[in-house]
>>> print(open('protein_26.cif').read())   # mmCIF, C-alpha atoms
data_input
loop_
_atom_site.label_atom_id
_atom_site.label_comp_id
_atom_site.auth_asym_id
_atom_site.auth_seq_id
_atom_site.Cartn_x
_atom_site.Cartn_y
_atom_site.Cartn_z
CA MET A 91 41.04 -13.27 60.78
CA LYS A 92 41.69 -9.62 59.99
CA LYS A 93 43.30 -10.46 56.65
CA PHE A 94 40.43 -12.69 55.70
CA ASN A 95 37.89 -9.91 56.27
CA LEU A 96 39.86 -7.55 54.09
CA GLU A 97 39.89 -10.07 51.24
CA ILE A 98 36.14 -10.48 51.47
CA ALA A 99 35.65 -6.73 51.37
CA VAL A 100 37.89 -6.37 48.30
CA GLY A 101 36.09 -9.21 46.56
CA PHE A 102 32.73 -7.71 47.42
CA PHE A 103 33.62 -4.33 45.99
CA LEU A 104 35.15 -5.87 42.90
CA LEU A 105 31.95 -7.81 42.29
CA LEU A 106 29.93 -4.67 42.83
CA GLY A 107 32.13 -2.88 40.29
CA ILE A 108 31.69 -5.61 37.68
CA LEU A 109 27.94 -5.67 38.21
CA SER A 110 27.56 -1.93 37.82
CA LEU A 111 29.78 -2.01 34.73
CA ALA A 112 27.51 -4.69 33.24
CA TYR A 113 24.43 -2.65 34.14
CA ILE A 114 25.83 0.49 32.52
CA SER A 115 26.86 -1.28 29.33
CA ILE A 116 23.47 -2.97 28.98
CA ASN A 117 21.65 0.26 29.61
CA LEU A 118 23.79 2.43 27.35
CA GLY A 119 23.94 -0.12 24.57
CA LYS A 120 20.22 -0.76 24.87
CA LEU A 121 20.90 -4.48 24.86
CA GLU A 122 17.97 -6.69 25.47
CA ILE A 123 19.00 -9.68 27.53
CA VAL A 124 15.72 -10.77 28.96
CA GLY A 125 13.80 -9.33 26.03
CA LYS A 126 11.23 -6.62 26.44
CA SER A 127 7.67 -7.78 26.77
CA GLY A 128 6.47 -7.01 23.28
CA TYR A 129 5.16 -8.73 20.22
CA THR A 130 6.54 -8.86 16.71
CA ILE A 131 4.96 -7.81 13.45
CA TYR A 132 6.34 -7.91 9.95
CA PRO A 133 5.54 -5.08 7.52
CA GLU A 134 6.90 -5.34 3.99
CA PHE A 135 8.10 -2.26 2.14
CA GLU A 136 8.99 -1.56 -1.48
CA LYS A 137 11.86 0.59 -0.27
CA ALA A 138 13.13 0.57 3.28
CA GLY A 139 15.16 3.72 2.71
CA GLY A 140 18.06 2.55 4.84
CA ILE A 141 16.17 2.09 8.09
CA LYS A 142 18.33 0.37 10.69
CA PRO A 143 17.73 -1.90 13.66
CA LYS A 144 16.92 0.00 16.87
CA ALA A 145 15.13 2.72 14.91
CA VAL A 146 12.07 3.99 16.72
CA VAL A 147 8.47 3.01 15.98
CA GLU A 148 6.02 5.80 16.71
CA ILE A 149 2.30 6.33 16.97
CA ALA A 150 1.27 9.99 17.27
CA GLY A 151 4.89 10.88 18.02
CA VAL A 152 5.14 8.52 20.98
CA GLU A 153 7.59 5.63 20.95
CA VAL A 154 5.74 2.32 21.00
CA GLY A 155 8.43 -0.07 19.81
CA THR A 156 11.64 -0.55 17.89
CA VAL A 157 12.93 -2.03 14.65
CA LYS A 158 14.48 -5.39 15.45
CA SER A 159 15.90 -6.36 12.09
CA VAL A 160 15.67 -5.63 8.39
CA ALA A 161 15.81 -8.42 5.82
CA ILE A 162 15.08 -8.94 2.18
CA SER A 163 12.32 -11.24 0.96
CA SER A 164 12.45 -13.65 -1.95
CA ASP A 165 10.81 -11.11 -4.23
CA TYR A 166 13.25 -8.35 -3.26
CA ARG A 167 11.08 -6.42 -0.85
CA ALA A 168 12.25 -5.19 2.50
CA VAL A 169 10.84 -7.11 5.45
CA VAL A 170 11.18 -5.06 8.62
CA GLU A 171 10.78 -6.83 11.93
CA LEU A 172 9.11 -4.56 14.48
CA SER A 173 8.85 -5.17 18.19
CA ILE A 174 5.75 -3.45 19.56
CA ASP A 175 4.80 -2.86 23.19
CA LYS A 176 2.29 -5.38 24.44
CA ALA A 177 -0.12 -2.72 25.58
CA ILE A 178 -0.45 -1.34 22.04
CA LYS A 179 -2.99 -3.14 19.90
CA LEU A 180 -2.69 -2.75 16.15
CA GLN A 181 -5.59 -3.26 13.78
CA GLU A 182 -5.29 -5.15 10.54
CA ASP A 183 -5.73 -1.97 8.48
CA ALA A 184 -3.07 0.03 10.32
CA ILE A 185 -0.58 1.65 7.95
CA ALA A 186 3.17 1.67 8.57
CA SER A 187 5.25 4.34 6.86
CA ILE A 188 8.96 5.01 6.89
CA LYS A 189 9.55 8.69 7.64
CA THR A 190 12.52 10.94 8.13
CA LYS A 191 12.84 13.36 11.03
CA GLY A 192 13.35 16.70 9.35
CA LEU A 193 15.14 16.86 6.02
CA ILE A 194 18.25 14.92 6.92
CA GLY A 195 17.28 13.47 10.28
CA GLU A 196 17.14 9.85 11.33
CA GLN A 197 14.56 7.52 9.95
CA TYR A 198 11.73 5.99 11.93
CA VAL A 199 8.61 3.95 11.39
CA GLN A 200 5.31 5.68 11.88
CA ILE A 201 2.15 3.69 12.34
CA SER A 202 -1.29 5.18 11.82
CA PRO A 203 -3.83 2.99 13.62
CA GLY A 204 -6.77 1.64 11.68
CA GLY A 205 -10.37 0.96 12.59
CA SER A 206 -10.77 -2.72 11.78
CA ASP A 207 -12.06 -5.20 14.36
CA LYS A 208 -9.32 -7.67 13.51
CA LEU A 209 -6.06 -7.19 15.37
CA ILE A 210 -2.61 -8.20 14.18
CA ALA A 211 -1.39 -11.19 16.16
CA ASP A 212 2.16 -11.85 17.35
CA GLY A 213 4.30 -12.69 14.32
CA GLY A 214 1.62 -11.37 11.99
CA LYS A 215 2.04 -9.37 8.83
CA LEU A 216 1.20 -5.69 8.45
CA ARG A 217 -0.14 -5.48 4.94
CA GLU A 218 -0.55 -1.75 4.46
CA THR A 219 2.70 0.12 4.12
CA GLU A 220 4.12 3.28 2.62
CA SER A 221 7.72 3.17 1.50
CA ALA A 222 10.35 5.73 2.29
CA ILE A 223 10.15 8.77 0.09
CA ASP A 224 13.45 9.33 -1.57
CA ILE A 225 14.20 12.99 -0.99
CA GLU A 226 17.30 12.77 -3.14
CA GLU A 227 15.16 11.57 -6.01
CA LEU A 228 12.76 14.45 -5.51
CA ILE A 229 15.62 16.94 -5.32
CA SER A 230 17.22 15.55 -8.45
CA GLN A 231 13.89 15.83 -10.24
CA TYR A 232 13.75 19.44 -9.12
CA VAL A 233 17.38 20.23 -9.97
CA PHE A 234 17.51 18.53 -13.33
CA GLY A 235 13.90 19.22 -14.09
CA LYS A 236 11.16 16.78 -14.75
CA VAL A 237 11.68 15.42 -18.25
CA MET B 204 1.90 -26.42 -48.18
CA CYS B 205 1.98 -29.02 -45.52
CA LEU B 206 -0.37 -31.28 -47.34
CA GLU B 207 1.70 -31.10 -50.49
CA ARG B 208 4.74 -32.34 -48.71
CA CYS B 209 2.88 -35.19 -47.12
CA LYS B 210 3.11 -38.37 -49.08
CA GLY B 211 2.08 -41.78 -47.87
CA GLU B 212 -0.42 -42.61 -45.20
CA LEU B 213 1.99 -42.32 -42.28
CA MET B 214 3.13 -38.87 -43.24
CA GLU B 215 -0.43 -37.75 -43.65
CA LYS B 216 -1.26 -38.80 -40.12
CA LYS B 217 1.63 -36.77 -38.73
CA CYS B 218 0.53 -33.83 -40.73
CA THR B 219 -3.03 -33.84 -39.49
CA LEU B 220 -1.68 -34.06 -35.96
CA LYS B 221 0.45 -30.99 -36.55
CA LEU B 222 -2.47 -29.13 -38.02
CA PHE B 223 -4.63 -30.12 -35.09
CA VAL B 224 -2.10 -28.83 -32.56
CA LEU B 225 -1.77 -25.61 -34.51
CA ILE B 226 -5.52 -25.05 -34.62
CA LEU B 227 -5.88 -25.91 -30.94
CA GLY B 228 -3.16 -23.43 -30.02
CA LEU B 229 -4.68 -20.68 -32.10
CA SER B 230 -8.15 -21.18 -30.73
CA LEU B 231 -6.86 -21.27 -27.17
CA SER B 232 -4.99 -18.02 -27.57
CA ALA B 233 -8.12 -16.47 -29.06
CA VAL B 234 -10.24 -17.54 -26.11
CA PHE B 235 -7.74 -16.55 -23.42
CA PRO B 236 -5.87 -13.61 -24.88
CA LEU B 237 -4.77 -12.05 -21.58
CA TYR B 238 -4.96 -14.74 -18.97
CA ALA B 239 -1.66 -16.16 -20.06
CA ILE B 240 0.16 -12.92 -19.21
CA ALA B 241 -1.67 -11.39 -16.28
CA GLY B 242 -3.60 -12.73 -13.33
CA GLU B 243 -7.18 -12.09 -12.38
CA PRO B 244 -6.53 -8.95 -10.27
CA THR B 245 -4.54 -7.21 -13.01
CA ASP B 246 -7.14 -8.23 -15.51
CA GLN B 247 -10.01 -6.71 -13.59
CA VAL B 248 -8.16 -3.46 -12.86
CA LYS B 249 -7.18 -3.27 -16.52
CA GLN B 250 -10.80 -3.68 -17.58
CA THR B 251 -11.82 -0.61 -15.61
CA VAL B 252 -8.80 1.48 -16.63
CA ASP B 253 -9.36 0.59 -20.29
CA ALA B 254 -13.05 1.45 -20.03
CA VAL B 255 -12.23 4.87 -18.58
CA ILE B 256 -9.59 5.52 -21.24
CA GLN B 257 -12.11 4.59 -23.90
CA ILE B 258 -14.56 7.16 -22.56
CA LEU B 259 -11.80 9.78 -22.44
CA ASN B 260 -10.73 9.07 -25.99
CA ASN B 261 -14.25 9.23 -27.37
CA LYS B 262 -14.21 12.30 -29.62
CA GLU B 263 -17.96 12.72 -29.54
CA LEU B 264 -17.91 13.03 -25.76
CA LYS B 265 -15.11 15.59 -25.81
CA LYS B 266 -17.47 18.32 -26.96
CA PRO B 267 -18.06 20.96 -24.25
CA ALA B 268 -21.80 20.38 -24.30
CA ARG B 269 -21.34 16.80 -23.17
CA VAL B 270 -18.94 17.37 -20.29
CA GLU B 271 -21.52 16.42 -17.69
CA GLU B 272 -22.50 13.28 -19.54
CA ARG B 273 -18.89 12.22 -19.86
CA ARG B 274 -18.28 12.88 -16.18
CA ALA B 275 -21.28 10.74 -15.26
CA MET B 276 -20.04 7.92 -17.45
CA ILE B 277 -16.57 7.97 -15.85
CA ARG B 278 -18.18 8.03 -12.41
CA GLU B 279 -20.30 5.02 -13.20
CA THR B 280 -17.36 3.01 -14.52
CA VAL B 281 -15.13 3.85 -11.57
CA GLU B 282 -17.84 3.12 -8.99
CA LYS B 283 -18.10 -0.45 -10.21
CA ARG B 284 -14.48 -1.14 -9.32
CA PHE B 285 -13.91 1.04 -6.25
CA ASP B 286 -15.30 0.11 -2.89
CA PHE B 287 -15.96 3.60 -1.55
CA GLU B 288 -17.42 2.29 1.70
CA GLU B 289 -14.23 0.38 2.49
CA MET B 290 -12.14 3.42 1.56
CA ALA B 291 -14.26 5.68 3.77
CA LYS B 292 -14.06 3.16 6.61
CA ARG B 293 -10.29 2.91 6.38
CA SER B 294 -9.90 6.67 6.13
CA LEU B 295 -12.05 7.33 9.17
CA ALA B 296 -10.26 4.48 11.01
CA ARG B 297 -11.09 4.50 14.74
CA HIS B 298 -13.88 7.02 14.33
CA TRP B 299 -15.81 4.72 11.99
CA LYS B 300 -16.98 2.45 14.82
CA ASP B 301 -18.60 5.32 16.73
CA ARG B 302 -20.87 6.18 13.82
CA THR B 303 -24.47 5.09 13.44
CA PRO B 304 -25.38 3.14 10.25
CA GLN B 305 -27.02 6.27 8.89
CA GLU B 306 -23.94 8.39 9.55
CA LYS B 307 -21.80 5.75 7.88
CA LYS B 308 -23.96 5.91 4.79
CA GLU B 309 -23.89 9.69 4.67
CA PHE B 310 -20.14 9.77 5.18
CA THR B 311 -19.51 7.22 2.44
CA SER B 312 -21.46 9.28 -0.05
CA LEU B 313 -19.69 12.50 1.00
CA PHE B 314 -16.34 10.78 0.78
CA SER B 315 -16.97 9.39 -2.69
CA ASP B 316 -18.09 12.86 -3.82
CA LEU B 317 -14.86 14.27 -2.46
CA LEU B 318 -12.75 11.70 -4.30
CA GLU B 319 -14.65 12.13 -7.51
CA ASP B 320 -14.43 15.91 -7.43
CA THR B 321 -10.72 15.79 -6.70
CA TYR B 322 -9.72 13.10 -9.15
CA ILE B 323 -12.16 13.28 -12.04
CA LYS B 324 -10.90 16.76 -12.88
CA LYS B 325 -7.40 15.33 -12.98
CA ILE B 326 -8.43 12.39 -15.11
CA GLU B 327 -10.20 14.69 -17.52
CA ARG B 328 -6.92 16.30 -18.45
CA TYR B 329 -5.76 12.98 -19.80
CA GLU B 330 -3.92 13.17 -23.09
CA GLU B 331 -2.63 10.01 -24.63
CA GLU B 332 -0.97 8.81 -21.45
CA LYS B 333 -0.19 5.13 -21.38
CA VAL B 334 -0.72 2.70 -18.54
CA VAL B 335 1.84 -0.06 -18.11
CA TYR B 336 1.15 -2.99 -15.79
CA THR B 337 4.39 -3.86 -14.08
CA ASP B 338 3.66 -6.36 -11.34
CA GLU B 339 0.99 -8.14 -9.37
CA ARG B 340 1.12 -9.64 -5.92
CA ILE B 341 -1.59 -11.79 -4.41
CA ASP B 342 -1.76 -12.47 -0.70
CA GLY B 343 -4.88 -14.46 0.14
CA PRO B 344 -7.94 -12.26 -0.42
CA TYR B 345 -5.72 -9.20 -0.88
CA ALA B 346 -3.67 -8.16 -3.90
CA THR B 347 -1.61 -5.29 -5.22
CA VAL B 348 -1.56 -4.37 -8.88
CA ARG B 349 1.38 -2.18 -9.74
CA THR B 350 1.14 0.12 -12.70
CA LYS B 351 2.98 3.02 -14.22
CA ILE B 352 1.40 5.92 -16.01
CA VAL B 353 3.73 7.02 -18.79
CA THR B 354 3.00 10.58 -19.83
CA THR B 355 3.52 11.99 -23.29
CA LYS B 356 6.73 13.55 -21.98
CA GLU B 357 7.98 10.08 -21.00
CA MET B 358 7.67 10.77 -17.29
CA GLU B 359 6.68 7.74 -15.23
CA ILE B 360 4.26 7.95 -12.33
CA PRO B 361 4.00 4.75 -10.31
CA VAL B 362 0.43 3.97 -9.25
CA ASP B 363 -0.36 0.89 -7.14
CA TYR B 364 -3.89 -0.37 -6.73
CA LYS B 365 -4.61 -2.14 -3.45
CA ILE B 366 -7.49 -4.48 -4.03
CA PHE B 367 -9.37 -7.17 -2.14
CA LYS B 368 -11.67 -9.93 -3.18
CA LYS B 369 -15.35 -9.31 -2.65
CA GLY B 370 -17.29 -12.28 -3.91
CA GLN B 371 -16.13 -12.86 -7.47
CA LYS B 372 -14.94 -9.31 -7.93
CA TRP B 373 -11.72 -7.61 -6.94
CA GLU B 374 -12.39 -4.14 -5.57
CA VAL B 375 -10.02 -1.26 -4.92
CA TYR B 376 -9.64 -0.08 -1.31
CA ASP B 377 -6.56 2.12 -1.60
CA ILE B 378 -4.40 3.75 -4.25
CA ILE B 379 -0.72 4.44 -3.76
CA VAL B 380 0.66 7.18 -6.01
CA GLU B 381 4.40 7.77 -5.93
CA GLY B 382 4.57 5.79 -2.69
CA VAL B 383 1.91 7.89 -0.93
CA SER B 384 -1.25 6.15 0.21
CA LEU B 385 -4.56 7.89 -0.46
CA VAL B 386 -6.20 6.34 2.60
CA ASN B 387 -3.36 7.34 4.90
CA ASN B 388 -3.47 10.89 3.59
CA TYR B 389 -7.16 11.24 4.38
CA ARG B 390 -6.83 9.30 7.63
CA THR B 391 -4.35 11.87 8.96
CA GLN B 392 -6.46 14.81 7.82
CA PHE B 393 -9.77 13.44 9.11
CA ASN B 394 -8.23 12.50 12.42
CA GLN B 395 -6.86 16.02 12.86
CA ILE B 396 -10.21 17.62 12.06
CA ILE B 397 -12.11 15.32 14.44
CA ARG B 398 -9.52 15.80 17.20
CA SER B 399 -9.56 19.57 17.03
CA GLY B 400 -13.30 19.78 16.59
CA SER B 401 -15.85 17.05 16.18
CA TYR B 402 -17.15 14.58 13.65
CA GLU B 403 -19.86 17.10 12.74
CA ASP B 404 -17.17 19.63 11.78
CA LEU B 405 -15.71 17.12 9.35
CA VAL B 406 -19.11 16.47 7.76
CA GLN B 407 -19.70 20.22 7.46
CA LYS B 408 -16.32 20.67 5.79
CA LEU B 409 -16.98 17.88 3.31
CA LYS B 410 -20.42 19.26 2.52
CA LYS B 411 -19.01 22.72 1.94
CA LYS B 412 -16.40 21.29 -0.39
CA ALA B 413 -19.02 19.39 -2.35
CA LEU B 414 -21.01 22.57 -2.90
CA LYS B 415 -18.08 24.43 -4.43
#
>>> encode(input="protein_26.cif", output="structure tokens")
Amino acid sequence: MKKFNLEIAVGFFLLLGILSLAYISINLGKLEIVGKSGYTIYPEFEKAGGIKPKAVVEIAGVEVGTVKSVAISSDYRAVVELSIDKAIKLQEDAIASIKTKGLIGEQYVQISPGGSDKLIADGGKLRETESAIDIEELISQYVFGKV
Amino acid sequence: MCLERCKGELMEKKCTLKLFVLILGLSLSAVFPLYAIAGEPTDQVKQTVDAVIQILNNKELKKPARVEERRAMIRETVEKRFDFEEMAKRSLARHWKDRTPQEKKEFTSLFSDLLEDTYIKKIERYEEEKVVYTDERIDGPYATVRTKIVTTKEMEIPVDYKIFKKGQKWEVYDIIVEGVSLVNNYRTQFNQIIRSGSYEDLVQKLKKKALK
């Protein structure tokens, strides 16, 4: 009887250990198993400027979603899949821009809300976009002079 | 030439057919000179751009005494293609809905004055720049016409016209220069002014600018 109890206790703690390990790895890795309650929109950019999945989507400096994936369309434009919090409604004329934090900081998507009555539905397209500004290009224009 | 070579009835028939096809082709290309290359959106934007360039190149109008007249002509041409109300609405974004119809009207006219003052002076400095139409994308009632302004020094400035279909016409609602949207630029500025003050402050500022 005594031995049996000990085995149960060991098993219990082992299970607890595995569970907490799983919790930590999901939390640290920001994995989405159940999937956050959000909806998806698809803006298309001329130049994505190397934005990566898990980059932040901001409105007025507040995180409202993340970049899920980046793909290329048939006419060689960048299609960026954004997951947006359900509570945030986006109008049809909202503008998405790819910005850089500081001069060499990470890239993020900034959305400036519009004023249209029509809202973008789940899986909808965000038509108005501003591509990433290539700072290197600007610097090279400055360094080598505008021809 | 062709007729000379044609001997016998059969040959003659072939020849007239060839001539017919040739004439048909020529007349078709005369009737639709541009439609074969560009779509309707590009065509309509090009019409306006060409009309403005024509005014700018008019030597008679370049005389200092006729500056005002020239400015008025450019204004008139541009107004036909640009939907200033839509641009004002998009720039004001959320704050547009809170306005009364009268305020909307007043704001649209102030906003178009602002754009004209800012950009007509830039356009007036035009010197033999060329406009190249690079691409066109249609998405339902919306389209983008991509162009490049090639300066005399061979520098290229990408300018995209965002247009939408209004009846039979395509009208411009945003311009993207070097990747920067005009509407988004004003949207950020207007929002800041309204946030830190009020809508009246914004109107005052625009009025002051118009008086300068």
>>> interface_residues(input="protein_26.cif", of="chain B", to="chain A", cutoff="7 Å", atoms="all atoms listed in the file", output="list in words")
Arg293, Ala296, Arg297, Trp299, Lys356, Met358, Gly382, Val383 and Ser384 of chain B
>>> write_last_selection(input="protein_26.cif", atoms="C-alpha atoms", output="PDB file, in the coordinates of the input")
ATOM      1  CA  ARG B 293     -10.290   2.910   6.380  1.00  0.00           C
ATOM      2  CA  ALA B 296     -10.260   4.480  11.010  1.00  0.00           C
ATOM      3  CA  ARG B 297     -11.090   4.500  14.740  1.00  0.00           C
ATOM      4  CA  TRP B 299     -15.810   4.720  11.990  1.00  0.00           C
ATOM      5  CA  LYS B 356       6.730  13.550 -21.980  1.00  0.00           C
ATOM      6  CA  MET B 358       7.670  10.770 -17.290  1.00  0.00           C
ATOM      7  CA  GLY B 382       4.570   5.790  -2.690  1.00  0.00           C
ATOM      8  CA  VAL B 383       1.910   7.890  -0.930  1.00  0.00           C
ATOM      9  CA  SER B 384      -1.250   6.150   0.210  1.00  0.00           C
TER      10      SER B 384
END
>>> atom_distance(input="protein_26.cif", atom1="atom CA of Gly213 of chain A", atom2="atom CA of Ile341 of chain B")
19.7 Å
>>> resolve_selection(input="protein_26.cif", expression="the PyMOL selection byres ((chain B and resi 280) around 12)", output="compact mmCIF listing (two decimals) with C-alpha atoms, in the coordinates of the input")
# COMPACT_ATOMS: atom_id res chain seq x y z
CA VAL B 248 -8.16 -3.46 -12.86
CA GLN B 250 -10.80 -3.68 -17.58
CA THR B 251 -11.82 -0.61 -15.61
CA VAL B 252 -8.80 1.48 -16.63
CA ASP B 253 -9.36 0.59 -20.29
CA ALA B 254 -13.05 1.45 -20.03
CA VAL B 255 -12.23 4.87 -18.58
CA ILE B 256 -9.59 5.52 -21.24
CA GLN B 257 -12.11 4.59 -23.90
CA ILE B 258 -14.56 7.16 -22.56
CA LEU B 259 -11.80 9.78 -22.44
CA ARG B 273 -18.89 12.22 -19.86
CA ARG B 274 -18.28 12.88 -16.18
CA ALA B 275 -21.28 10.74 -15.26
CA MET B 276 -20.04 7.92 -17.45
CA ILE B 277 -16.57 7.97 -15.85
CA ARG B 278 -18.18 8.03 -12.41
CA GLU B 279 -20.30 5.02 -13.20
CA VAL B 281 -15.13 3.85 -11.57
CA GLU B 282 -17.84 3.12 -8.99
CA LYS B 283 -18.10 -0.45 -10.21
CA ARG B 284 -14.48 -1.14 -9.32
CA PHE B 285 -13.91 1.04 -6.25
CA GLU B 319 -14.65 12.13 -7.51
CA ILE B 323 -12.16 13.28 -12.04
>>> atom_distance(input="protein_26.cif", atom1="atom CA of Lys144 of chain A", atom2="atom CA of Arg167 of chain A")
19.7 Å
>>> resolve_selection(input="protein_26.cif", expression="the PyMOL selection byres ((chain B and resi 330) around 12)", output="number ranges by chain")
B: 256-257, 259-261, 265, 325-329, 331-334, 352-356
>>> write_last_selection(input="protein_26.cif", atoms="C-alpha atoms", output="PDB file, in the frame of the given file")
ATOM      1  CA  ILE B 256      -9.590   5.520 -21.240  1.00  0.00           C
ATOM      2  CA  GLN B 257     -12.110   4.590 -23.900  1.00  0.00           C
ATOM      3  CA  LEU B 259     -11.800   9.780 -22.440  1.00  0.00           C
ATOM      4  CA  ASN B 260     -10.730   9.070 -25.990  1.00  0.00           C
ATOM      5  CA  ASN B 261     -14.250   9.230 -27.370  1.00  0.00           C
ATOM      6  CA  LYS B 265     -15.110  15.590 -25.810  1.00  0.00           C
ATOM      7  CA  LYS B 325      -7.400  15.330 -12.980  1.00  0.00           C
ATOM      8  CA  ILE B 326      -8.430  12.390 -15.110  1.00  0.00           C
ATOM      9  CA  GLU B 327     -10.200  14.690 -17.520  1.00  0.00           C
ATOM     10  CA  ARG B 328      -6.920  16.300 -18.450  1.00  0.00           C
ATOM     11  CA  TYR B 329      -5.760  12.980 -19.800  1.00  0.00           C
ATOM     12  CA  GLU B 331      -2.630  10.010 -24.630  1.00  0.00           C
ATOM     13  CA  GLU B 332      -0.970   8.810 -21.450  1.00  0.00           C
ATOM     14  CA  LYS B 333      -0.190   5.130 -21.380  1.00  0.00           C
ATOM     15  CA  VAL B 334      -0.720   2.700 -18.540  1.00  0.00           C
ATOM     16  CA  ILE B 352       1.400   5.920 -16.010  1.00  0.00           C
ATOM     17  CA  VAL B 353       3.730   7.020 -18.790  1.00  0.00           C
ATOM     18  CA  THR B 354       3.000  10.580 -19.830  1.00  0.00           C
ATOM     19  CA  THR B 355       3.520  11.990 -23.290  1.00  0.00           C
ATOM     20  CA  LYS B 356       6.730  13.550 -21.980  1.00  0.00           C
TER      21      LYS B 356
END
>>> closest_residue(input="protein_26.cif", among="B:Val348, B:Leu385, B:Val406, B:Ala291", to="Thr311 of chain B", atoms="only C-alpha atoms")
B:Ala291
>>> axis_aligned_box(input="protein_26.cif", around="segment 192-207 of chain A", padding_each_side="3 Å", output="JSON")
{"center_x": 3.1, "center_y": 5.8, "center_z": 10.2, "size_x": 36.3, "size_y": 28.1, "size_z": 14.3}
>>> closest_residue(input="protein_26.cif", among="A:Ile178, A:Ile131, A:Ile188, A:Ile149", to="Gly214 of chain A", atoms="only C-alpha atoms")
A:Ile131
>>> atom_distance(input="protein_26.cif", atom1="atom CA of Glu403 of chain B", atom2="atom CA of Glu289 of chain B")
20.4 Å
>>> residues_around(input="protein_26.cif", residues="Ser159 of chain A", least_positions_apart="4", cutoff="10 Å", atoms="all atoms listed in the file", output="ChimeraX atom specification")
/A:132,141-145,169-173
>>> closest_residue(input="protein_26.cif", among="A:Ser115, A:Thr130, A:Ser164, A:Ser230", to="Lys179 of chain A", atoms="all atoms listed in the file")
A:Thr130
>>> closest_residue(input="protein_26.cif", among="B:Leu405, B:Ala268, B:Val386, B:Ala413", to="Glu306 of chain B", atoms="all atoms listed in the file")
B:Leu405
>>> resolve_selection(input="protein_26.cif", expression="the PyMOL selection byres ((chain B and resi 362) around 9)", output="NGL selection string")
:B and (348-352 or 360-361 or 363-364 or 378-382)
>>> residues_around(input="protein_26.cif", residues="Lys191 of chain A", least_positions_apart="6", cutoff="12 Å", atoms="all atoms listed in the file", output="list of chain:residue names")
A:Ala145, A:Val146, A:Glu148, A:Gly151, A:Gln197, A:Tyr198, A:Val199, A:Gln200, A:Ala222
>>> residues_around(input="protein_26.cif", residues="Phe314 of chain B", least_positions_apart="6", cutoff="9 Å", atoms="only C-alpha atoms", output="list in words")
Phe287, Glu288, Met290, Ala291 and Leu409 of chain B
